[in-house]
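*Asks:* Just so it is clear, I am handing over protein-v3.cif, which has mmCIF, C-alpha atoms.
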data_run
loop_
_atom_site.label_atom_id
_atom_site.label_comp_id
_atom_site.auth_asym_id
_atom_site.auth_seq_id
_atom_site.Cartn_x
_atom_site.Cartn_y
_atom_site.Cartn_z
CA MET J 184 292.82 112.96 121.19
CA ASN J 185 295.53 112.09 118.72
CA ASP J 186 293.78 111.84 115.37
CA MET J 187 296.59 110.04 113.48
CA THR J 188 295.78 106.91 111.52
CA GLU J 189 298.04 103.93 112.05
CA MET J 190 298.40 101.33 109.34
CA LEU J 191 299.64 98.18 111.03
CA VAL J 192 301.38 95.74 108.70
CA CYS J 193 302.12 92.17 109.76
CA ILE J 194 305.76 91.68 108.76
CA LYS J 195 305.90 88.03 109.84
CA CYS J 196 303.30 86.93 107.31
CA ARG J 197 304.15 83.86 105.24
CA ARG J 198 300.64 83.63 103.81
CA GLY J 199 300.21 80.24 105.43
CA ARG J 200 303.08 78.77 103.41
CA GLU J 201 306.62 77.66 104.15
CA VAL J 202 309.19 80.37 103.47
CA PRO J 203 312.90 79.48 103.70
CA GLU J 204 314.73 81.37 106.44
CA THR J 205 316.91 83.08 103.83
CA GLU J 206 313.96 84.53 101.91
CA THR J 207 312.12 87.71 102.70
CA ARG J 208 308.61 86.98 103.92
CA PRO J 209 305.64 88.37 101.97
CA GLY J 210 304.64 90.49 104.98
CA GLN J 211 308.08 92.07 105.17
CA HIS J 212 307.96 92.72 101.40
CA LEU J 213 304.61 94.41 101.83
CA TYR J 214 305.89 96.61 104.64
CA ASP J 215 309.01 97.49 102.64
CA GLN J 216 306.87 98.50 99.65
CA LEU J 217 304.47 100.55 101.75
CA SER J 218 307.12 102.35 103.71
CA ALA J 219 309.04 103.21 100.54
CA MET J 220 306.00 105.07 99.21
CA ASP J 221 304.68 108.43 100.35
CA ALA J 222 302.17 107.80 103.10
CA PRO J 223 298.99 109.91 102.89
CA GLU J 224 298.90 112.86 105.24
CA GLY J 225 297.98 111.78 108.76
CA VAL J 226 298.80 108.11 108.12
CA ARG J 227 301.72 106.30 109.73
CA VAL J 228 302.81 102.84 108.56
CA ARG J 229 303.93 100.63 111.42
CA PRO J 230 305.35 97.09 111.36
CA VAL J 231 303.78 94.54 113.71
CA GLU J 232 304.83 91.02 114.59
CA CYS J 233 301.86 88.82 113.76
CA LEU J 234 298.27 89.95 113.54
CA GLN J 235 297.33 86.25 113.71
CA ASN J 236 295.43 86.07 110.48
CA CYS J 237 298.15 83.77 109.20
CA ASP J 238 296.26 81.70 106.65
CA PHE J 239 294.71 84.69 104.91
CA GLY J 240 297.63 87.11 104.71
CA CYS J 241 299.09 89.42 104.06
CA THR J 242 297.22 91.43 106.65
CA VAL J 243 296.92 95.11 107.47
CA ALA J 244 294.88 96.93 110.09
CA LEU J 245 293.78 100.56 110.16
CA ARG J 246 293.03 102.38 113.37
CA GLY J 247 293.40 105.71 115.10
CA GLY J 248 291.55 108.61 116.62
CA ASN J 249 287.94 107.82 117.38
CA ARG J 250 287.58 105.42 114.44
CA TRP J 251 286.58 101.79 114.23
CA THR J 252 289.60 99.53 113.74
CA TYR J 253 289.47 97.48 110.53
CA VAL J 254 291.48 94.37 109.70
CA PHE J 255 291.92 93.44 106.04
CA ALA J 256 293.11 90.10 104.68
CA ASN J 257 294.51 88.71 101.43
CA VAL J 258 296.66 91.73 100.72
CA ASP J 259 299.12 91.16 97.87
CA GLU J 260 302.52 92.65 98.50
CA MET J 261 303.19 93.36 94.83
CA SER J 262 299.93 94.64 93.39
CA HIS J 263 298.11 96.14 96.38
CA PRO J 264 300.29 98.77 98.10
CA GLU J 265 298.89 101.69 96.11
CA MET J 266 295.30 100.59 96.73
CA ILE J 267 296.02 100.10 100.43
CA LEU J 268 297.46 103.59 100.80
CA ASP J 269 294.50 105.06 98.90
CA GLY J 270 292.17 103.19 101.26
CA ALA J 271 294.12 104.45 104.25
CA ALA J 272 293.72 108.04 103.04
CA ARG J 273 289.95 107.54 102.67
CA TYR J 274 289.82 105.95 106.11
CA HIS J 275 291.73 108.84 107.63
CA ALA J 276 289.32 111.30 106.03
CA THR J 277 286.44 109.84 108.07
CA ALA J 278 285.63 110.62 111.68
CA ASP J 279 284.47 107.08 112.55
CA GLY J 280 286.49 104.87 110.20
CA LEU J 281 283.49 103.94 108.05
CA ILE J 282 284.47 104.71 104.46
CA PRO J 283 281.27 105.35 102.46
CA TRP J 284 280.48 102.13 100.59
CA ARG J 285 280.74 103.61 97.13
CA GLU J 286 284.16 105.11 97.88
CA ARG J 287 285.47 101.98 99.53
CA PRO J 288 288.16 100.07 97.63
CA GLU J 289 286.72 96.80 96.27
CA HIS J 290 289.35 94.86 98.18
CA PHE J 291 288.21 96.40 101.46
CA LYS J 292 284.60 95.42 100.73
CA ARG J 293 285.43 91.75 100.26
CA ASN J 294 288.33 91.16 102.63
CA CYS J 295 287.42 92.64 105.97
CA VAL J 296 288.26 90.05 108.63
CA ALA J 297 286.92 91.98 111.59
CA ARG J 298 286.26 95.47 112.84
CA ILE J 299 286.38 96.72 116.41
CA PRO J 300 284.66 99.80 117.78
CA PRO J 301 286.66 102.73 119.17
CA MET J 302 287.14 102.83 122.93
CA GLU J 303 284.30 104.62 124.60
CA THR J 304 285.38 107.80 126.26
CA GLU J 305 283.62 107.64 129.59
CA MET U 246 295.15 103.89 132.45
CA ASN U 247 291.87 102.11 132.91
CA ASP U 248 292.76 98.44 133.27
CA MET U 249 289.26 97.02 132.73
CA THR U 250 288.75 94.26 130.18
CA GLU U 251 285.92 94.70 127.71
CA MET U 252 284.31 91.67 126.12
CA LEU U 253 282.64 92.87 122.96
CA VAL U 254 279.85 90.62 121.72
CA CYS U 255 278.40 91.01 118.23
CA ILE U 256 274.64 90.95 118.81
CA LYS U 257 273.73 91.16 115.12
CA CYS U 258 275.35 87.83 114.29
CA ARG U 259 273.28 85.43 112.19
CA ARG U 260 276.22 83.09 111.66
CA GLY U 261 276.03 83.72 107.93
CA ARG U 262 272.49 82.28 107.76
CA GLU U 263 269.03 83.69 107.25
CA VAL U 264 267.19 84.37 110.52
CA PRO U 265 263.51 85.39 110.40
CA GLU U 266 262.87 88.88 111.75
CA THR U 267 260.77 87.42 114.56
CA GLU U 268 263.54 85.16 115.84
CA THR U 269 266.33 86.12 118.19
CA ARG U 270 269.66 86.13 116.42
CA PRO U 271 272.43 83.81 117.66
CA GLY U 272 274.58 86.83 118.57
CA GLN U 273 271.81 88.31 120.70
CA HIS U 274 271.33 84.91 122.37
CA LEU U 275 275.03 84.78 123.13
CA TYR U 276 275.01 88.25 124.63
CA ASP U 277 271.91 87.43 126.70
CA GLN U 278 273.56 84.30 128.05
CA LEU U 279 276.83 86.06 128.86
CA SER U 280 275.23 89.04 130.54
CA ALA U 281 273.00 86.78 132.65
CA MET U 282 276.08 85.12 134.15
CA ASP U 283 278.48 86.59 136.67
CA ALA U 284 281.24 88.34 134.78
CA PRO U 285 284.75 87.75 136.13
CA GLU U 286 286.14 90.60 138.20
CA GLY U 287 287.44 93.39 135.99
CA VAL U 288 285.53 92.19 132.91
CA ARG U 289 282.63 94.07 131.37
CA VAL U 290 280.41 92.49 128.70
CA ARG U 291 279.36 94.97 126.03
CA PRO U 292 277.04 94.50 123.03
CA VAL U 293 278.31 95.67 119.65
CA GLU U 294 276.55 95.99 116.32
CA CYS U 295 278.56 93.90 113.88
CA LEU U 296 282.20 92.98 114.26
CA GLN U 297 282.11 92.03 110.55
CA ASN U 298 283.17 88.46 110.93
CA CYS U 299 279.72 87.50 109.71
CA ASP U 300 280.40 84.11 108.12
CA PHE U 301 282.31 82.75 111.10
CA GLY U 302 280.18 83.92 114.00
CA CYS U 303 279.30 84.23 116.68
CA THR U 304 282.15 86.58 117.41
CA VAL U 305 283.60 88.10 120.56
CA ALA U 306 286.57 90.41 121.08
CA LEU U 307 288.62 91.00 124.22
CA ARG U 308 290.49 94.21 124.86
CA GLY U 309 291.40 96.67 127.54
CA GLY U 310 294.24 98.26 129.42
CA ASN U 311 297.58 97.80 127.72
CA ARG U 312 296.65 94.43 126.25
CA TRP U 313 296.56 93.12 122.70
CA THR U 314 293.00 92.97 121.37
CA TYR U 315 291.89 89.46 120.34
CA VAL U 316 288.98 88.54 118.08
CA PHE U 317 287.54 85.02 118.36
CA ALA U 318 285.24 83.32 115.88
CA ASN U 319 282.87 80.34 115.82
CA VAL U 320 281.52 80.95 119.29
CA ASP U 321 278.47 78.83 120.09
CA GLU U 322 275.81 80.69 122.02
CA MET U 323 274.62 77.61 123.87
CA SER U 324 277.72 75.65 124.81
CA HIS U 325 280.46 78.30 124.97
CA PRO U 326 279.49 81.09 127.38
CA GLU U 327 281.19 79.52 130.42
CA MET U 328 284.39 78.86 128.44
CA ILE U 329 284.36 82.40 127.06
CA LEU U 330 284.03 83.93 130.53
CA ASP U 331 286.81 81.70 131.82
CA GLY U 332 288.99 82.82 128.93
CA ALA U 333 288.12 86.46 129.64
CA ALA U 334 289.23 86.02 133.26
CA ARG U 335 292.54 84.54 132.11
CA TYR U 336 292.95 87.35 129.61
CA HIS U 337 292.26 89.96 132.26
CA ALA U 338 294.87 88.36 134.53
CA THR U 339 297.59 89.16 131.97
CA ALA U 340 299.32 92.48 131.49
CA ASP U 341 299.63 92.17 127.70
CA GLY U 342 296.64 90.02 126.72
CA LEU U 343 298.75 86.98 125.86
CA ILE U 344 297.30 84.08 127.82
CA PRO U 345 300.06 81.47 128.31
CA TRP U 346 299.54 78.78 125.68
CA ARG U 347 298.97 75.94 128.13
CA GLU U 348 296.32 77.93 130.02
CA ARG U 349 294.59 79.10 126.88
CA PRO U 350 291.13 77.64 126.20
CA GLU U 351 291.32 75.23 123.24
CA HIS U 352 288.71 77.30 121.42
CA PHE U 353 290.90 80.40 121.68
CA LYS U 354 293.85 78.51 120.22
CA ARG U 355 291.98 77.47 117.10
CA ASN U 356 289.58 80.33 116.46
CA CYS U 357 291.54 83.54 116.71
CA VAL U 358 290.61 85.66 113.69
CA ALA U 359 292.99 88.51 114.36
CA ARG U 360 294.83 90.29 117.12
CA ILE U 361 295.81 93.95 117.29
CA PRO U 362 298.55 95.46 119.43
CA PRO U 363 297.76 97.98 122.16
CA MET U 364 298.11 101.63 121.27
CA GLU U 365 301.62 102.84 121.87
CA THR U 366 301.78 105.43 124.58
CA GLU U 367 304.04 108.05 123.11
#
Here is a file; write its structure as structure tokens.
*Replies:*
Amino acid sequence: MNDMTEMLVCIKCRRGREVPETETRPGQHLYDQLSAMDAPEGVRVRPVECLQNCDFGCTVALRGGNRWTYVFANVDEMSHPEMILDGAARYHATADGLIPWRERPEHFKRNCVARIPPMETE
Amino acid sequence: MNDMTEMLVCIKCRRGREVPETETRPGQHLYDQLSAMDAPEGVRVRPVECLQNCDFGCTVALRGGNRWTYVFANVDEMSHPEMILDGAARYHATADGLIPWRERPEHFKRNCVARIPPMETE
């Protein structure tokens, strides 16, 4: 199985607010920041149109390999990209997606919207 | 690809409240109700330990085939099972998981916590 980690970034996010058509949305800003940085080994940043967590954005999801998928809310496009990439590296280092609690970024502890188990291989 | 739809039901859900050890949790109740009913064709109900949407439970997720995964919150174990199964049937009838808005159960419209795109087949 492909063991890559995907970091999905909602680029349509307006954080529940009005954003004029001419302005870049917070979600797009976040994606631009993340994709301008060096992604951790094994992690691919991918833009997605709406993860439907609109009122609690920005939103990213981590998934891949045989790991649980995690969705994280309230991501700040300016101050959080480094933390998010660090978290993605820690996630990728696990076999099941469960970052040990003490290593888990504080933001991940408090802003998990949902998690979804890996597909069973039957 | 396996086209089955999985309905994941969080059986640990306490809906953010205290539940005495001796009492059945709301999530377990919900799963018991759902699995006692006839599942729509192509839909399999599967218990999961914690979808981590604890304060807004009960929680179910729908996924399978090449569909978007959807996570729904605020599911009531007593009054919602029939609606949830109907929604699962409508979900399964789609190729991409996007139930047409006018056919979508009202509860699905208002209680989607997150959605996640299908894995890209590359």
*Asks:* Define the interface residues of chain J facing chain U as those within 8 Å, counting all atoms listed in the file, and report them as a compact mmCIF listing (two decimals) with C-alpha atoms, in the frame of the given file.
*Replies:*
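So part02.txt came out as:
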# COMPACT_ATOMS: atom_id res chain seq x y z
CA VAL J 231 303.78 94.54 113.71
CA CYS J 233 301.86 88.82 113.76
CA LEU J 234 298.27 89.95 113.54
CA GLN J 235 297.33 86.25 113.71
CA ASN J 236 295.43 86.07 110.48
CA ALA J 244 294.88 96.93 110.09
CA VAL J 254 291.48 94.37 109.70
CA CYS J 295 287.42 92.64 105.97
CA VAL J 296 288.26 90.05 108.63
CA ALA J 297 286.92 91.98 111.59
CA ARG J 298 286.26 95.47 112.84
CA ILE J 299 286.38 96.72 116.41
CA PRO J 300 284.66 99.80 117.78
*Asks:* Just checking: using all atoms listed in the file, which residue out of J:Glu303, J:Glu201, J:Asp221, J:Glu289 ends up closest to Gly270 (chain J)?
*Replies:*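 Under the stated criterion, the closest residue is J:Glu289.
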*Asks:* CA of Val258 (chain J) to CA of Cys241 (chain J): how many Å, to one decimal?
*Replies:*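 It comes out at 4.7 Å.
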*Asks:* Work out how far CA of Asn294 (chain J) is from CA of Val254 (chain U), in Å to one decimal.
*Replies:*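 Distance reported for this atom pair: 20.9 Å.
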*Asks:* Pick the closest to Asp321 (chain U) from U:Gly302, U:Pro265, U:Thr339, U:Pro292: which is it, counting all atoms listed in the file?
*Replies:*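 Using all atoms listed in the file, Asp321 (chain U) sits closest to U:Gly302.
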*Asks:* May I have the protein, DNA and RNA residues with any atom at most 9 Å from the point (297.7, 107.3, 114.0), counting all atoms listed in the file, written as a VMD selection string?
*Replies:* chain J and resid 185 to 190 225 to 228 245 to 248 275
*Asks:* Take region 246-257 of chain U, model all heavy atoms, and hand the result over as a PDB file, in the frame of the given file.
*Replies:*
ATOM      1  N   MET U 246     296.067 104.385 133.491  1.00  0.00           N
ATOM      2  CA  MET U 246     295.150 103.890 132.450  1.00  0.00           C
ATOM      3  C   MET U 246     294.129 102.936 133.057  1.00  0.00           C
ATOM      4  O   MET U 246     294.439 102.167 133.942  1.00  0.00           O
ATOM      5  CB  MET U 246     295.964 103.144 131.370  1.00  0.00           C
ATOM      6  CG  MET U 246     295.075 102.604 130.244  1.00  0.00           C
ATOM      7  SD  MET U 246     295.990 101.560 129.089  1.00  0.00           S
ATOM      8  CE  MET U 246     296.873 102.800 128.163  1.00  0.00           C
ATOM      9  N   ASN U 247     292.926 103.028 132.514  1.00  0.00           N
ATOM     10  CA  ASN U 247     291.870 102.110 132.910  1.00  0.00           C
ATOM     11  C   ASN U 247     292.258 100.680 132.533  1.00  0.00           C
ATOM     12  O   ASN U 247     292.521 100.388 131.379  1.00  0.00           O
ATOM     13  CB  ASN U 247     290.570 102.520 132.200  1.00  0.00           C
ATOM     14  CG  ASN U 247     289.400 101.654 132.609  1.00  0.00           C
ATOM     15  OD1 ASN U 247     289.567 100.620 133.248  1.00  0.00           O
ATOM     16  ND2 ASN U 247     288.209 102.079 132.247  1.00  0.00           N
ATOM     17  N   ASP U 248     292.275  99.798 133.518  1.00  0.00           N
ATOM     18  CA  ASP U 248     292.760  98.440 133.270  1.00  0.00           C
ATOM     19  C   ASP U 248     291.635  97.436 132.983  1.00  0.00           C
ATOM     20  O   ASP U 248     291.862  96.256 132.780  1.00  0.00           O
ATOM     21  CB  ASP U 248     293.592  97.976 134.470  1.00  0.00           C
ATOM     22  CG  ASP U 248     294.287  96.660 134.189  1.00  0.00           C
ATOM     23  OD1 ASP U 248     295.002  96.583 133.175  1.00  0.00           O
ATOM     24  OD2 ASP U 248     294.077  95.703 134.952  1.00  0.00           O
ATOM     25  N   MET U 249     290.401  97.913 132.968  1.00  0.00           N
ATOM     26  CA  MET U 249     289.260  97.020 132.730  1.00  0.00           C
ATOM     27  C   MET U 249     289.418  96.240 131.429  1.00  0.00           C
ATOM     28  O   MET U 249     290.002  96.723 130.463  1.00  0.00           O
ATOM     29  CB  MET U 249     287.961  97.838 132.609  1.00  0.00           C
ATOM     30  CG  MET U 249     287.378  98.325 133.909  1.00  0.00           C
ATOM     31  SD  MET U 249     286.580  96.997 134.864  1.00  0.00           S
ATOM     32  CE  MET U 249     285.113  96.659 133.863  1.00  0.00           C
ATOM     33  N   THR U 250     288.852  95.041 131.416  1.00  0.00           N
ATOM     34  CA  THR U 250     288.750  94.260 130.180  1.00  0.00           C
ATOM     35  C   THR U 250     287.327  94.380 129.651  1.00  0.00           C
ATOM     36  O   THR U 250     286.369  94.222 130.399  1.00  0.00           O
ATOM     37  CB  THR U 250     289.089  92.781 130.440  1.00  0.00           C
ATOM     38  OG1 THR U 250     290.494  92.667 130.663  1.00  0.00           O
ATOM     39  CG2 THR U 250     288.693  91.900 129.258  1.00  0.00           C
ATOM     40  N   GLU U 251     287.221  94.684 128.374  1.00  0.00           N
ATOM     41  CA  GLU U 251     285.920  94.700 127.710  1.00  0.00           C
ATOM     42  C   GLU U 251     285.779  93.425 126.880  1.00  0.00           C
ATOM     43  O   GLU U 251     286.689  93.076 126.126  1.00  0.00           O
ATOM     44  CB  GLU U 251     285.803  95.881 126.750  1.00  0.00           C
ATOM     45  CG  GLU U 251     285.383  97.166 127.392  1.00  0.00           C
ATOM     46  CD  GLU U 251     284.990  98.194 126.334  1.00  0.00           C
ATOM     47  OE1 GLU U 251     285.598  98.217 125.253  1.00  0.00           O
ATOM     48  OE2 GLU U 251     284.085  98.981 126.607  1.00  0.00           O
ATOM     49  N   MET U 252     284.648  92.761 127.036  1.00  0.00           N
ATOM     50  CA  MET U 252     284.310  91.670 126.120  1.00  0.00           C
ATOM     51  C   MET U 252     283.220  92.175 125.200  1.00  0.00           C
ATOM     52  O   MET U 252     282.081  92.412 125.618  1.00  0.00           O
ATOM     53  CB  MET U 252     283.811  90.461 126.890  1.00  0.00           C
ATOM     54  CG  MET U 252     283.417  89.331 125.931  1.00  0.00           C
ATOM     55  SD  MET U 252     282.501  88.048 126.753  1.00  0.00           S
ATOM     56  CE  MET U 252     283.791  87.392 127.774  1.00  0.00           C
ATOM     57  N   LEU U 253     283.583  92.384 123.950  1.00  0.00           N
ATOM     58  CA  LEU U 253     282.640  92.870 122.960  1.00  0.00           C
ATOM     59  C   LEU U 253     281.939  91.678 122.325  1.00  0.00           C
ATOM     60  O   LEU U 253     282.592  90.735 121.867  1.00  0.00           O
ATOM     61  CB  LEU U 253     283.373  93.676 121.882  1.00  0.00           C
ATOM     62  CG  LEU U 253     284.272  94.807 122.386  1.00  0.00           C
ATOM     63  CD1 LEU U 253     285.093  95.388 121.245  1.00  0.00           C
ATOM     64  CD2 LEU U 253     283.449  95.905 123.046  1.00  0.00           C
ATOM     65  N   VAL U 254     280.626  91.721 122.287  1.00  0.00           N
ATOM     66  CA  VAL U 254     279.850  90.620 121.720  1.00  0.00           C
ATOM     67  C   VAL U 254     279.002  91.157 120.567  1.00  0.00           C
ATOM     68  O   VAL U 254     278.220  92.094 120.749  1.00  0.00           O
ATOM     69  CB  VAL U 254     278.921  89.987 122.778  1.00  0.00           C
ATOM     70  CG1 VAL U 254     278.147  88.812 122.186  1.00  0.00           C
ATOM     71  CG2 VAL U 254     279.707  89.563 124.004  1.00  0.00           C
ATOM     72  N   CYS U 255     279.178  90.578 119.388  1.00  0.00           N
ATOM     73  CA  CYS U 255     278.400  91.010 118.230  1.00  0.00           C
ATOM     74  C   CYS U 255     276.976  90.479 118.361  1.00  0.00           C
ATOM     75  O   CYS U 255     276.744  89.277 118.281  1.00  0.00           O
ATOM     76  CB  CYS U 255     279.032  90.481 116.942  1.00  0.00           C
ATOM     77  SG  CYS U 255     278.082  90.928 115.495  1.00  0.00           S
ATOM     78  N   ILE U 256     276.028  91.388 118.576  1.00  0.00           N
ATOM     79  CA  ILE U 256     274.640  90.950 118.810  1.00  0.00           C
ATOM     80  C   ILE U 256     273.843  90.842 117.516  1.00  0.00           C
ATOM     81  O   ILE U 256     272.701  90.403 117.528  1.00  0.00           O
ATOM     82  CB  ILE U 256     273.907  91.906 119.786  1.00  0.00           C
ATOM     83  CG1 ILE U 256     273.893  93.337 119.243  1.00  0.00           C
ATOM     84  CG2 ILE U 256     274.536  91.842 121.170  1.00  0.00           C
ATOM     85  CD1 ILE U 256     272.982  94.265 120.042  1.00  0.00           C
ATOM     86  N   LYS U 257     274.430  91.237 116.410  1.00  0.00           N
ATOM     87  CA  LYS U 257     273.730  91.160 115.120  1.00  0.00           C
ATOM     88  C   LYS U 257     274.013  89.851 114.398  1.00  0.00           C
ATOM     89  O   LYS U 257     273.483  89.606 113.318  1.00  0.00           O
ATOM     90  CB  LYS U 257     274.149  92.332 114.225  1.00  0.00           C
ATOM     91  CG  LYS U 257     273.658  93.685 114.714  1.00  0.00           C
ATOM     92  CD  LYS U 257     272.148  93.757 114.657  1.00  0.00           C
ATOM     93  CE  LYS U 257     271.639  95.146 115.016  1.00  0.00           C
ATOM     94  NZ  LYS U 257     270.192  95.145 115.253  1.00  0.00           N
TER      95      LYS U 257
END
